[in-house]
Structure formats: C-alpha cells, structure tokens
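J.: Next up, input32.txt (compact mmCIF, C-alpha atoms).
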# COMPACT_ATOMS: atom_id res chain seq x y z
CA VAL U 1168 -205.73 -51.44 -133.91
CA LEU U 1169 -207.03 -50.42 -130.48
CA ALA U 1170 -206.60 -53.97 -129.17
CA VAL U 1171 -203.03 -54.24 -130.48
CA GLY U 1172 -202.23 -50.78 -129.16
CA GLY U 1173 -203.64 -51.67 -125.73
CA PHE U 1174 -201.60 -54.86 -125.64
CA LEU U 1175 -198.39 -53.06 -126.60
CA LEU U 1176 -199.02 -50.38 -123.97
CA ALA U 1177 -199.50 -53.03 -121.28
CA ALA U 1178 -196.48 -54.99 -122.51
CA SER U 1179 -194.30 -51.89 -122.29
CA GLY U 1180 -194.84 -51.71 -118.55
CA LEU U 1181 -195.78 -48.04 -118.71
CA VAL U 1182 -199.23 -48.63 -117.21
CA SER U 1183 -198.95 -47.71 -113.52
CA ILE U 1184 -200.39 -50.19 -111.04
CA LYS U 1185 -199.37 -48.21 -107.93
CA ALA U 1186 -202.18 -47.62 -105.47
CA SER U 1187 -200.70 -44.24 -104.57
CA SER U 1188 -201.62 -42.87 -108.00
CA GLY U 1189 -205.35 -43.35 -107.46
CA HIS U 1190 -207.88 -43.40 -110.31
CA TRP U 1191 -208.65 -40.67 -112.79
CA PRO U 1192 -212.04 -39.14 -111.91
CA ILE U 1193 -213.57 -40.47 -115.12
CA THR U 1194 -212.23 -43.96 -114.39
CA GLU U 1195 -213.65 -43.88 -110.87
CA ARG U 1196 -217.07 -42.79 -112.12
CA LEU U 1197 -217.05 -45.46 -114.80
CA LEU U 1198 -216.15 -48.21 -112.32
CA ASP U 1199 -218.79 -47.05 -109.82
CA TRP U 1200 -221.41 -47.00 -112.57
CA ALA U 1201 -220.40 -50.45 -113.83
CA MET U 1202 -220.55 -51.87 -110.30
CA ALA U 1203 -224.01 -50.39 -109.68
CA ARG U 1204 -225.33 -51.83 -112.95
CA SER U 1205 -223.82 -55.25 -112.26
CA VAL U 1206 -225.21 -55.44 -108.71
CA SER U 1207 -228.64 -54.34 -109.93
CA THR U 1208 -228.69 -57.04 -112.60
CA TYR U 1209 -227.38 -59.96 -110.55
CA SER U 1210 -229.42 -59.19 -107.42
CA ALA U 1211 -232.70 -59.14 -109.34
CA GLY U 1212 -233.59 -62.72 -108.36
CA ILE U 1213 -232.82 -62.38 -104.64
CA SER U 1214 -235.83 -62.31 -102.32
CA PRO U 1215 -234.98 -60.59 -99.01
CA PRO U 1216 -236.70 -61.60 -95.77
CA PRO U 1217 -239.51 -59.37 -94.53
CA LEU U 1218 -238.09 -56.02 -93.46
CA ASP U 1219 -239.38 -56.43 -89.91
CA SER U 1220 -237.26 -59.57 -89.54
CA LEU U 1221 -234.22 -57.69 -90.91
CA ASP U 1222 -234.81 -55.13 -88.16
CA SER U 1223 -234.65 -57.87 -85.49
CA PRO U 1224 -232.30 -56.76 -82.67
CA ALA U 1225 -230.76 -60.25 -82.53
CA LEU U 1226 -229.96 -60.23 -86.25
CA VAL U 1227 -228.52 -56.71 -86.07
CA LEU U 1228 -226.40 -57.73 -83.07
CA LYS U 1229 -225.10 -60.79 -84.88
CA GLY U 1230 -224.00 -58.67 -87.85
CA ALA U 1231 -222.40 -56.08 -85.59
CA GLY U 1232 -220.14 -58.67 -84.02
CA HIS U 1233 -218.62 -59.59 -87.37
CA TYR U 1234 -218.50 -56.03 -88.73
CA GLU U 1235 -216.10 -55.02 -85.96
CA THR U 1236 -213.74 -57.87 -86.83
CA GLY U 1237 -214.09 -58.25 -90.57
CA CYS U 1238 -215.26 -54.89 -91.96
CA ARG U 1239 -214.30 -52.02 -89.64
CA PRO U 1240 -210.53 -52.17 -90.42
CA CYS U 1241 -211.31 -51.04 -93.99
CA HIS U 1242 -214.73 -49.37 -93.81
CA GLY U 1243 -214.36 -47.65 -90.46
CA SER U 1244 -216.92 -46.98 -87.73
CA PRO U 1245 -218.91 -43.97 -86.50
CA SER U 1246 -216.03 -42.96 -84.23
CA PHE U 1247 -213.32 -43.47 -86.89
CA PRO U 1248 -214.77 -43.36 -90.41
CA ARG U 1249 -211.46 -43.33 -92.31
CA PRO U 1250 -208.94 -45.95 -91.08
CA ARG U 1251 -205.40 -44.77 -91.75
CA ILE U 1252 -204.26 -47.70 -93.88
CA ALA U 1253 -207.50 -48.00 -95.85
CA VAL U 1254 -207.29 -44.42 -97.16
CA GLU U 1255 -204.14 -45.41 -99.07
CA MET U 1256 -205.98 -48.13 -101.00
CA THR U 1257 -207.22 -47.76 -104.59
CA ALA U 1258 -210.14 -47.85 -104.65
CA GLU U 1259 -210.49 -46.40 -101.15
CA PRO U 1260 -213.04 -48.38 -99.10
CA PRO U 1261 -215.80 -45.90 -98.23
CA TYR U 1262 -217.27 -45.35 -94.80
CA LEU U 1263 -220.56 -47.16 -95.25
CA GLY U 1264 -222.90 -45.06 -93.10
CA PRO U 1265 -223.84 -42.51 -95.79
CA LYS U 1266 -223.73 -45.15 -98.57
CA ILE U 1267 -226.17 -47.75 -97.27
CA GLY U 1268 -229.25 -45.81 -98.33
CA LEU U 1269 -228.12 -46.07 -101.96
CA TRP U 1270 -228.65 -49.84 -102.00
CA GLU U 1271 -231.66 -52.10 -101.52
CA ALA U 1272 -231.51 -55.04 -99.11
CA ASP U 1273 -231.13 -57.59 -101.92
CA GLU U 1274 -228.28 -55.56 -103.42
CA LEU U 1275 -226.46 -55.37 -100.08
CA PHE U 1276 -226.87 -59.13 -99.76
CA TYR U 1277 -225.30 -59.68 -103.18
CA ILE U 1278 -222.35 -57.39 -102.41
CA VAL U 1279 -221.64 -58.94 -98.99
CA LYS U 1280 -221.98 -62.51 -100.24
CA HIS U 1281 -219.91 -62.22 -103.42
CA GLY U 1282 -217.51 -59.35 -102.71
CA VAL U 1283 -216.29 -56.88 -105.34
CA LYS U 1284 -213.53 -57.55 -107.85
CA PHE U 1285 -210.52 -55.20 -108.10
CA THR U 1286 -211.27 -53.61 -104.71
CA GLY U 1287 -209.87 -56.05 -102.18
CA MET U 1288 -213.34 -56.84 -100.80
CA PRO U 1289 -213.55 -60.64 -100.44
CA ALA U 1290 -216.53 -62.91 -100.94
CA TRP U 1291 -218.23 -64.29 -97.82
CA PRO U 1292 -215.96 -67.07 -96.47
CA ALA U 1293 -218.85 -69.56 -96.08
CA ARG U 1294 -220.76 -69.20 -99.34
CA HIS U 1295 -223.76 -71.28 -98.25
CA ARG U 1296 -224.42 -69.44 -94.97
CA ASP U 1297 -227.00 -67.00 -96.28
CA ASP U 1298 -228.28 -66.58 -92.71
CA GLU U 1299 -224.97 -64.93 -91.75
CA VAL U 1300 -225.01 -62.71 -94.83
CA TRP U 1301 -228.52 -61.50 -93.98
CA ALA U 1302 -227.29 -60.71 -90.46
CA MET U 1303 -224.66 -58.46 -92.02
CA VAL U 1304 -227.34 -56.80 -94.15
CA ALA U 1305 -229.43 -56.24 -91.01
CA PHE U 1306 -226.52 -54.50 -89.29
CA LEU U 1307 -225.62 -52.42 -92.34
CA ARG U 1308 -229.19 -51.15 -92.54
CA ALA U 1309 -228.88 -50.01 -88.91
CA LEU U 1310 -225.41 -48.46 -89.32
CA PRO U 1311 -226.51 -45.02 -90.65
CA ASP U 1312 -228.44 -44.35 -87.44
CA LEU U 1313 -225.59 -45.27 -85.09
CA ASP U 1314 -223.35 -42.74 -83.36
CA ALA U 1315 -220.07 -43.69 -81.70
CA ALA U 1316 -221.71 -44.61 -78.38
CA GLY U 1317 -224.45 -46.66 -80.04
CA TYR U 1318 -221.93 -48.53 -82.16
CA ARG U 1319 -219.73 -49.24 -79.14
CA GLN U 1320 -222.66 -50.60 -77.13
CA LEU U 1321 -223.84 -52.77 -80.00
CA VAL U 1322 -220.42 -54.24 -80.72
CA HIS U 1323 -218.92 -54.51 -77.25
CA GLY U 1324 -221.95 -54.70 -74.98
CA ASN U 1325 -220.80 -54.78 -71.38
CA THR U 1326 -217.26 -55.87 -72.22
CA THR U 1327 -214.44 -53.36 -72.13
CA PRO U 1328 -212.49 -52.65 -75.34
CA LEU U 1329 -208.73 -53.03 -75.06
CA ASP U 1330 -208.13 -49.31 -75.55
CA ALA U 1331 -210.39 -48.35 -72.63
CA ASP U 1332 -209.03 -47.44 -69.21
CA ALA U 1333 -210.02 -50.65 -67.39
CA PRO U 1334 -207.44 -53.41 -67.88
CA MET U 1335 -208.86 -56.66 -69.22
CA HIS U 1336 -207.01 -58.73 -66.64
CA ASP U 1337 -209.41 -57.34 -64.04
CA LEU U 1338 -212.33 -58.85 -65.94
CA ILE U 1339 -211.12 -62.35 -66.81
CA GLU U 1340 -209.25 -65.19 -65.18
CA PRO U 1341 -205.46 -65.11 -65.45
CA GLU U 1342 -205.21 -68.60 -66.97
CA ALA U 1343 -207.48 -67.70 -69.89
CA ALA U 1344 -206.30 -66.35 -73.22
CA PRO U 1345 -207.01 -62.65 -72.49
CA LEU U 1346 -206.43 -61.19 -75.93
CA ALA U 1347 -208.66 -63.72 -77.67
CA ILE U 1348 -211.47 -63.19 -75.16
CA ALA U 1349 -211.18 -59.41 -75.14
CA GLU U 1350 -210.86 -58.93 -78.88
CA SER U 1351 -213.21 -61.58 -80.20
CA CYS U 1352 -214.95 -64.09 -77.95
CA GLY U 1353 -216.15 -61.81 -75.16
CA ARG U 1354 -217.73 -59.29 -77.50
CA CYS U 1355 -220.20 -61.86 -78.82
CA HIS U 1356 -220.38 -64.67 -76.29
CA GLY U 1357 -219.78 -62.54 -73.21
CA ILE U 1358 -216.91 -62.67 -70.76
CA ASP U 1359 -219.06 -65.04 -68.71
CA GLY U 1360 -219.97 -67.14 -71.75
CA ASN U 1361 -223.71 -66.55 -71.52
CA GLY U 1362 -224.12 -64.74 -74.82
CA ARG U 1363 -225.66 -61.32 -75.22
CA GLY U 1364 -229.20 -62.22 -74.14
CA LEU U 1365 -230.94 -62.09 -77.53
CA GLY U 1366 -230.05 -65.46 -78.99
CA ALA U 1367 -227.73 -63.99 -81.62
CA PHE U 1368 -224.81 -65.96 -80.16
CA PRO U 1369 -224.85 -69.31 -78.34
CA ARG U 1370 -224.13 -69.76 -74.65
CA LEU U 1371 -220.70 -71.30 -74.12
CA ALA U 1372 -220.68 -71.31 -70.32
CA GLY U 1373 -220.54 -74.80 -68.85
CA GLN U 1374 -220.07 -76.60 -72.15
CA ARG U 1375 -217.61 -79.47 -72.17
CA PRO U 1376 -214.09 -78.38 -73.09
CA VAL U 1377 -213.73 -81.26 -75.58
CA TYR U 1378 -216.80 -80.02 -77.48
CA LEU U 1379 -215.66 -76.38 -77.46
CA TYR U 1380 -212.17 -77.29 -78.65
CA ALA U 1381 -213.56 -79.52 -81.41
CA ALA U 1382 -215.91 -76.74 -82.53
CA LEU U 1383 -213.05 -74.25 -82.80
CA ARG U 1384 -210.97 -76.75 -84.76
CA ALA U 1385 -213.89 -77.43 -87.09
CA TYR U 1386 -214.41 -73.72 -87.73
CA ALA U 1387 -210.70 -73.18 -88.39
CA GLN U 1388 -210.51 -76.13 -90.79
CA GLY U 1389 -213.72 -75.21 -92.60
CA THR U 1390 -215.53 -78.46 -91.76
CA ARG U 1391 -218.11 -76.39 -89.87
CA PRO U 1392 -218.87 -73.54 -92.27
CA SER U 1393 -219.20 -70.03 -90.83
CA GLY U 1394 -218.04 -66.77 -92.32
CA ILE U 1395 -218.21 -65.24 -88.84
CA MET U 1396 -216.38 -67.87 -86.81
CA ALA U 1397 -213.88 -69.21 -89.37
CA PRO U 1398 -211.66 -66.06 -89.50
CA VAL U 1399 -211.58 -65.90 -85.71
CA ALA U 1400 -210.81 -69.58 -85.16
CA ALA U 1401 -208.23 -69.72 -87.96
CA GLY U 1402 -206.13 -67.15 -86.10
CA LEU U 1403 -205.92 -69.23 -82.93
CA SER U 1404 -203.18 -71.71 -82.11
CA PRO U 1405 -204.19 -75.16 -80.76
CA GLU U 1406 -203.07 -74.12 -77.29
CA GLU U 1407 -205.17 -70.93 -77.41
CA MET U 1408 -208.15 -73.04 -78.46
CA ARG U 1409 -207.60 -75.32 -75.47
CA GLU U 1410 -207.29 -72.36 -73.10
CA LEU U 1411 -210.49 -70.82 -74.42
CA ALA U 1412 -212.32 -74.14 -74.19
CA ARG U 1413 -211.16 -74.62 -70.58
CA TYR U 1414 -212.06 -71.05 -69.68
CA TYR U 1415 -215.63 -71.15 -70.97
CA SER U 1416 -216.25 -74.66 -69.66
CA ARG U 1417 -215.58 -73.31 -66.14
CA GLN U 1418 -218.04 -70.43 -66.40
CA GLN U 1419 -221.40 -70.73 -64.69
CA PRO U 1420 -224.47 -70.84 -66.94
CA THR U 1421 -227.11 -68.33 -65.93
CA ALA U 1422 -230.81 -69.06 -65.80
CA PRO U 1423 -232.57 -68.38 -69.10
CA PRO U 1424 -234.90 -65.39 -69.14
CA THR U 1425 -238.49 -66.19 -68.28
CA LYS U 1426 -240.72 -65.97 -71.33
CA SER U 1427 -244.31 -66.84 -72.00
CA VAL U 1428 -244.16 -69.93 -74.21
CA ASP U 1429 -246.95 -71.94 -75.75
CA ALA U 1430 -247.62 -74.81 -73.30
CA GLU U 1431 -248.59 -77.11 -76.17
CA ALA U 1432 -245.25 -76.49 -77.89
CA LEU U 1433 -243.36 -77.20 -74.67
CA ALA U 1434 -245.25 -80.45 -74.18
CA LEU U 1435 -244.45 -81.54 -77.74
CA GLY U 1436 -240.81 -80.59 -77.25
CA ARG U 1437 -240.59 -82.52 -73.99
CA ALA U 1438 -242.04 -85.62 -75.64
CA ILE U 1439 -239.53 -85.51 -78.50
CA VAL U 1440 -236.57 -84.79 -76.22
CA TYR U 1441 -237.33 -87.70 -73.88
CA GLU U 1442 -239.03 -90.18 -76.22
CA GLY U 1443 -238.13 -89.19 -79.78
CA VAL U 1444 -240.57 -89.75 -82.62
CA PRO U 1445 -240.55 -93.56 -82.98
CA GLY U 1446 -242.84 -93.62 -86.00
CA GLU U 1447 -240.39 -91.44 -87.95
CA GLY U 1448 -237.19 -93.08 -86.72
CA VAL U 1449 -236.22 -90.03 -84.64
CA PRO U 1450 -234.37 -91.03 -81.43
CA SER U 1451 -234.71 -89.19 -78.15
CA CYS U 1452 -232.46 -86.16 -77.69
CA VAL U 1453 -231.75 -86.66 -74.01
CA ASP U 1454 -229.42 -89.64 -74.47
CA CYS U 1455 -226.91 -87.53 -76.40
CA HIS U 1456 -227.56 -83.96 -75.24
CA GLY U 1457 -228.99 -84.31 -71.74
CA PRO U 1458 -230.20 -83.33 -69.31
CA GLY U 1459 -229.36 -86.28 -67.15
CA SER U 1460 -226.55 -88.02 -65.29
CA ALA U 1461 -225.98 -90.88 -67.74
CA PRO U 1462 -222.52 -90.98 -69.38
CA ARG U 1463 -222.47 -89.15 -72.72
CA ASN U 1464 -219.98 -88.58 -75.50
CA PRO U 1465 -217.98 -85.45 -74.56
CA PHE U 1466 -218.13 -84.29 -78.19
CA TYR U 1467 -221.90 -83.77 -77.87
CA PRO U 1468 -223.00 -80.32 -76.64
CA ASN U 1469 -225.27 -79.74 -73.66
CA LEU U 1470 -228.46 -78.08 -74.88
CA ALA U 1471 -230.27 -77.22 -71.64
CA GLY U 1472 -230.74 -73.44 -71.38
CA GLN U 1473 -229.40 -72.74 -74.87
CA TYR U 1474 -231.17 -69.99 -76.82
CA ALA U 1475 -234.15 -71.28 -78.80
CA ASP U 1476 -233.34 -69.23 -81.90
CA TYR U 1477 -229.80 -70.60 -81.98
CA LEU U 1478 -230.98 -74.20 -81.58
CA LEU U 1479 -233.61 -73.77 -84.27
CA LEU U 1480 -231.01 -72.36 -86.67
CA GLN U 1481 -228.68 -75.33 -86.06
CA LEU U 1482 -231.48 -77.81 -86.76
CA GLN U 1483 -232.29 -75.97 -89.98
CA LEU U 1484 -228.62 -76.01 -91.02
CA PHE U 1485 -228.44 -79.75 -90.35
CA LYS U 1486 -231.55 -80.29 -92.47
CA GLN U 1487 -230.06 -78.23 -95.30
CA GLY U 1488 -226.79 -80.18 -95.12
CA GLN U 1489 -224.84 -77.04 -94.22
CA ARG U 1490 -223.87 -77.83 -90.63
CA GLY U 1491 -220.63 -79.69 -90.02
CA GLY U 1492 -218.50 -80.05 -86.92
CA SER U 1493 -216.83 -83.00 -85.26
CA ALA U 1494 -216.67 -86.54 -86.63
CA TYR U 1495 -220.12 -87.11 -85.12
CA ALA U 1496 -221.95 -84.24 -86.83
CA HIS U 1497 -223.35 -86.53 -89.54
CA LEU U 1498 -225.46 -88.32 -86.93
CA MET U 1499 -227.68 -85.24 -86.67
CA HIS U 1500 -228.60 -84.98 -90.35
CA PRO U 1501 -231.21 -87.78 -90.48
CA THR U 1502 -232.80 -86.58 -87.25
CA ALA U 1503 -233.13 -83.00 -88.49
CA ASP U 1504 -234.43 -84.26 -91.84
CA ARG U 1505 -237.29 -86.18 -90.23
CA LEU U 1506 -238.49 -83.47 -87.87
CA THR U 1507 -241.18 -81.13 -89.10
CA PRO U 1508 -240.73 -77.35 -88.70
CA GLU U 1509 -243.22 -77.47 -85.81
CA GLN U 1510 -241.27 -80.25 -84.10
CA ARG U 1511 -237.92 -78.49 -84.54
CA ARG U 1512 -239.37 -75.34 -83.00
CA ALA U 1513 -240.86 -77.32 -80.10
CA VAL U 1514 -237.54 -79.02 -79.31
CA ALA U 1515 -235.71 -75.68 -79.39
CA LEU U 1516 -238.27 -74.02 -77.10
CA PHE U 1517 -238.21 -76.90 -74.62
CA TYR U 1518 -234.42 -76.97 -74.30
CA ALA U 1519 -234.36 -73.18 -73.96
CA SER U 1520 -236.79 -73.44 -71.05
CA LEU U 1521 -234.55 -75.74 -68.97
I'd like the structure from this file rewritten - as structure tokens, please.

T.:
Amino acid sequence: VLAVGGFLLAASGLVSIKASSGHWPITERLLDWAMARSVSTYSAGISPPPLDSLDSPALVLKGAGHYETGCRPCHGSPSFPRPRIAVEMTAEPPYLGPKIGLWEADELFYIVKHGVKFTGMPAWPARHRDDEVWAMVAFLRALPDLDAAGYRQLVHGNTTPLDADAPMHDLIEPEAAPLAIAESCGRCHGIDGNGRGLGAFPRLAGQRPVYLYAALRAYAQGTRPSGIMAPVAAGLSPEEMRELARYYSRQQPTAPPTKSVDAEALALGRAIVYEGVPGEGVPSCVDCHGPGSAPRNPFYPNLAGQYADYLLLQLQLFKQGQRGGSAYAHLMHPTADRLTPEQRRAVALFYASL
C-alpha cells in the first residue's frame, strides 16, 4: 500500500523538486546520516599514505591549485565561505573548513574520488589518478588552519588575482592569452613558467610549443588523464592553446635550486640517461629528451631542470599504464616498465640537477 501510494503521489506531480523549498530538517538529518554511514562503509578498505606525506607542502600546494578552480565556487574559501549562487542549492554545499575534522583521510579520499549523489558534487574526472585525489585530501586537511591571507598565498603565490589592484597586463606579455594565464596557468605554473618551486607543478618555461600544445589537446580530449588539467584545458579554444604554448615556450627557464643529492644516485641516473640499460632493453633518454644539439622530435619534452618529483610521478604513471599524451606516449611504457624504482628515481634526480 505504501509503495502504491508513493507511486501515485509521485505520478500526481505534487512532489516539489524546487531547490528553493529546501529540505525538511528531518530529511536533511536523515540524508546526512545515510551519507556518513555509506562513506564509512565504502572507505573501509582504503589505505591512506603516511600522514607526514599528506602534510607535504608540495602535495598541499597541488591540491590548493585545483580547489580554487574546481571547488571554491561551491564550497567557498576563508575569505568568502558562502558563495552567493551555492547558498541557493539544495543541499547547500557547506564551507569545508569546520567540516574537515569530522572525516578521516580515507573518507575524504572516497568522497573526493566518487562524489556524492543528489548533491551536484561530481566524481573525480580522472578516476584512475589517485595521486591527484590524495593531493586534494592533503589540501583539505590543511584548509581548517588557513585564514584569508594564507589561502591567497597558497593558491595564487606571487601572481596577482584579477580582482586585485595591479592589472594583469603589467605582468604578462601582450600577445599571450592573459585571462587563461591569470586565472589558471599562472597560479600553478607561474607567470614565468617555472612552477612554484616545490615540484607540485612542472616547469613549462622553454618547452617546445608543439609539445605544450599537444599536451593541452591531450588533456582536453581525455587521452592524457588528469582531473586537475582536463577541466582547464577543455575550456580553451585551439587558438588559446597555441597562444599559451607560444607564450611559455618563450619564457626563460631558471636554474634549479641547489640540493644535496646522493652522488651514487646521480651517477646511476647519468649512466641511464646517456647509455640506457642495454641488458634490460632500455634505450638512452638523451636521444629523445636531451640535453644535446641533435635533432629531436618536437613532440618530446625537454627534461633538463624539470622537478624530480614530477618526473618520478610521470614514470610511475607510465608504468601503471595511466599516462597518455601525444601519439608517441606509448613509446614510454616499455621503458618505464623495465626500470626499477631505484633507477626511475636516479633518472629523475639526474635530470633535475641539469
């Protein structure tokens, strides 16, 4: 009788679906309780990284870059916790600062990766990029301790937000795509294309424009999976992609920071880069990625001076079969498969030292 009555009520059209009506308090409590129980059950098998690695400044920075673009419009920020449009949604997206302490790291991971039904919160756009989801978890864990100034510094660094007093055209070249650089690219990769100094984002300065354009196209088309880059690239026209590629290709790479690195690891990395690992069928890296003056395919990135953590992550993604890109990306899979973790680390450290 209840089932038939519920069907007839729905069929009558009397059930209101308007967001302006909100939920009854008992309905809201029931939904919150059901969500908490579901997340607790389905996150039970997730093993989070060590908490000290989740507190890594580079991982927090990486998550902050995406939060500003993908999460802040609904969930707000320390300076604006209740965005005007979001407060009219049912259910209203909460400001997350006071809420984060209610969830464990594995539960936050589950929520960010899979989204929440009936709320408008989407699943992570690149379902296999757990490394990006953990970066979001790292940032969310840091969010409760951020004030407006701390959030602004973390998200924007030394770039100037569009609503600040300094006009962006004073900071970038006229022929570049100023809105794309100011709103998205510059916040993470820097106006000068040298990243933010922690290895959270790759250096783009001095890369070949053909490679940069192909990377943006691959992100937009989903052939290079990334929940962080795909939404940004998908909003760019082909001409904007070309302008951005030309702009960053003209920027001057800066010298990498001097760090104390294991000499044995550098020697191993040098040997692999210049000679490969013949016994394992691993070719030398230098013929495709430099350094050197020999002609090379413009679709291959230059690796000299790139951040070691970024390079190591890319090699791991290739090994896991989760790294796409241009039509030549498949050439990297067998190489990454045959390198040991020690060898991948050595190659990354050596290229970062150049």

J.: Which polymer residues have any atom within 12 Å of an atom of range 1280-1290 of chain U, counting all atoms listed in the file, with same-chain residues fewer than 5 positions away left out, as number ranges by chain?

T.: U: 1184, 1186, 1195, 1198-1199, 1201-1203, 1205-1206, 1209-1210, 1213, 1237-1238, 1240-1242, 1253, 1256-1261, 1273-1275, 1295-1304, 1394

J.: Between CA of Leu1313 in chain U and CA of Pro1398 in chain U, what distance in Å does the model show, to one decimal?

T.: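 Calculated distance between CA of Leu1313 in chain U and CA of Pro1398 in chain U is 25.4 Å.
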
J.: For CA of Ser1416 in chain U and CA of Arg1363 in chain U, determine how far apart the two atoms are, in Å to one decimal place.

T.: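 Atom-to-atom, CA of Ser1416 in chain U to CA of Arg1363 in chain U, that is 17.2 Å.
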
J.: List the spatial neighbours of Leu1470 in chain U as a list in words - criterion: any atom at most 8 Å away, only C-alpha atoms, same-chain residues fewer than 2 positions off excluded.

T.: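 So the residues in contact are His1456, Gly1457, Pro1458, Pro1468, Gly1472, Gln1473, Tyr1518 and Ala1519 of chain U.
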
J.: Could you check the closest approach to Thr1390 in chain U for each of U:Ser1460, U:Gln1489, U:Ser1214, U:Asn1361 and tell me which residue wins, using all atoms listed in the file?

T.: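 Nearest to Thr1390 in chain U: U:Gln1489.
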
J.: Could you check which of U:Arg1511, U:Arg1505, U:Arg1196, U:His1323 is closest to Gln1481 in chain U, using all atoms listed in the file?

T.: U:Arg1511

J.: I'd like to know which of U:Ala1496, U:Leu1169, U:Leu1435, U:Ala1315 is closest to Ala1381 in chain U, using only C-alpha atoms.

T.: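 Distance minimum relative to Ala1381 in chain U lands on U:Ala1496.
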
J.: Rank nothing, just name the residue among U:Ala1309, U:Cys1355, U:Ala1412, U:Ala1432 nearest to Pro1245 in chain U, using all atoms listed in the file.

T.: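 Ranked by minimum distance to Pro1245 in chain U, first place goes to U:Ala1309.
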
J.: Under the rule that only C-alpha atoms are counted, which of U:Arg1417, U:Lys1426, U:His1500, U:Lys1486 is the nearest residue to Ser1520 in chain U?

T.: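 Nearest candidate to Ser1520 in chain U out of U:Arg1417, U:Lys1426, U:His1500, U:Lys1486: U:Lys1426.
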
J.: Would you mind listing what lies within 12 Å of Arg1409 in chain U as an mmCIF file with C-alpha atoms, keeping the file's coordinate frame, with all atoms listed in the file counted and same-chain residues fewer than 4 positions away left out?

T.:
data_model
loop_
_atom_site.group_PDB
_atom_site.id
_atom_site.type_symbol
_atom_site.label_atom_id
_atom_site.label_comp_id
_atom_site.auth_asym_id
_atom_site.auth_seq_id
_atom_site.Cartn_x
_atom_site.Cartn_y
_atom_site.Cartn_z
ATOM 1 C CA GLU U 1342 -205.210 -68.600 -66.970
ATOM 2 C CA ALA U 1343 -207.480 -67.700 -69.890
ATOM 3 C CA ALA U 1344 -206.300 -66.350 -73.220
ATOM 4 C CA ALA U 1347 -208.660 -63.720 -77.670
ATOM 5 C CA ARG U 1375 -217.610 -79.470 -72.170
ATOM 6 C CA PRO U 1376 -214.090 -78.380 -73.090
ATOM 7 C CA VAL U 1377 -213.730 -81.260 -75.580
ATOM 8 C CA TYR U 1378 -216.800 -80.020 -77.480
ATOM 9 C CA LEU U 1379 -215.660 -76.380 -77.460
ATOM 10 C CA TYR U 1380 -212.170 -77.290 -78.650
ATOM 11 C CA ALA U 1381 -213.560 -79.520 -81.410
ATOM 12 C CA ALA U 1382 -215.910 -76.740 -82.530
ATOM 13 C CA LEU U 1383 -213.050 -74.250 -82.800
ATOM 14 C CA ARG U 1384 -210.970 -76.750 -84.760
ATOM 15 C CA ALA U 1400 -210.810 -69.580 -85.160
ATOM 16 C CA LEU U 1403 -205.920 -69.230 -82.930
ATOM 17 C CA SER U 1404 -203.180 -71.710 -82.110
ATOM 18 C CA PRO U 1405 -204.190 -75.160 -80.760
ATOM 19 C CA ARG U 1413 -211.160 -74.620 -70.580
ATOM 20 C CA TYR U 1414 -212.060 -71.050 -69.680
ATOM 21 C CA TYR U 1415 -215.630 -71.150 -70.970
ATOM 22 C CA SER U 1416 -216.250 -74.660 -69.660
#

J.: Measure the distance from CA of Thr1507 in chain U to CA of Ala1367 in chain U in Å and round it to one decimal.

T.: 23.0 Å

J.: Given all atoms listed in the file as the basis, pick out the residue of U:Phe1247, U:Phe1517, U:Tyr1495, U:Tyr1234 nearest to Ala1385 in chain U.

T.: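 Among U:Phe1247, U:Phe1517, U:Tyr1495, U:Tyr1234, it is U:Tyr1495 that comes nearest to Ala1385 in chain U.
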
J.: Quick one: residues within 10 Å of Ser1246 in chain U, all atoms listed in the file, excluding same-chain residues fewer than 3 positions away - as JSON, numbers by chain?

T.: {"U": [1243, 1249, 1313, 1314, 1315, 1316, 1318, 1319]}

J.: Now that the selection is made, can you save its residues with C-alpha atoms as a CSV table (one decimal), in the coordinates of the input?

T.:
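Output file result-v3.csv is given in full below:
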chain,number,residue,atom,x,y,z
U,1243,GLY,CA,-214.4,-47.6,-90.5
U,1249,ARG,CA,-211.5,-43.3,-92.3
U,1313,LEU,CA,-225.6,-45.3,-85.1
U,1314,ASP,CA,-223.4,-42.7,-83.4
U,1315,ALA,CA,-220.1,-43.7,-81.7
U,1316,ALA,CA,-221.7,-44.6,-78.4
U,1318,TYR,CA,-221.9,-48.5,-82.2
U,1319,ARG,CA,-219.7,-49.2,-79.1
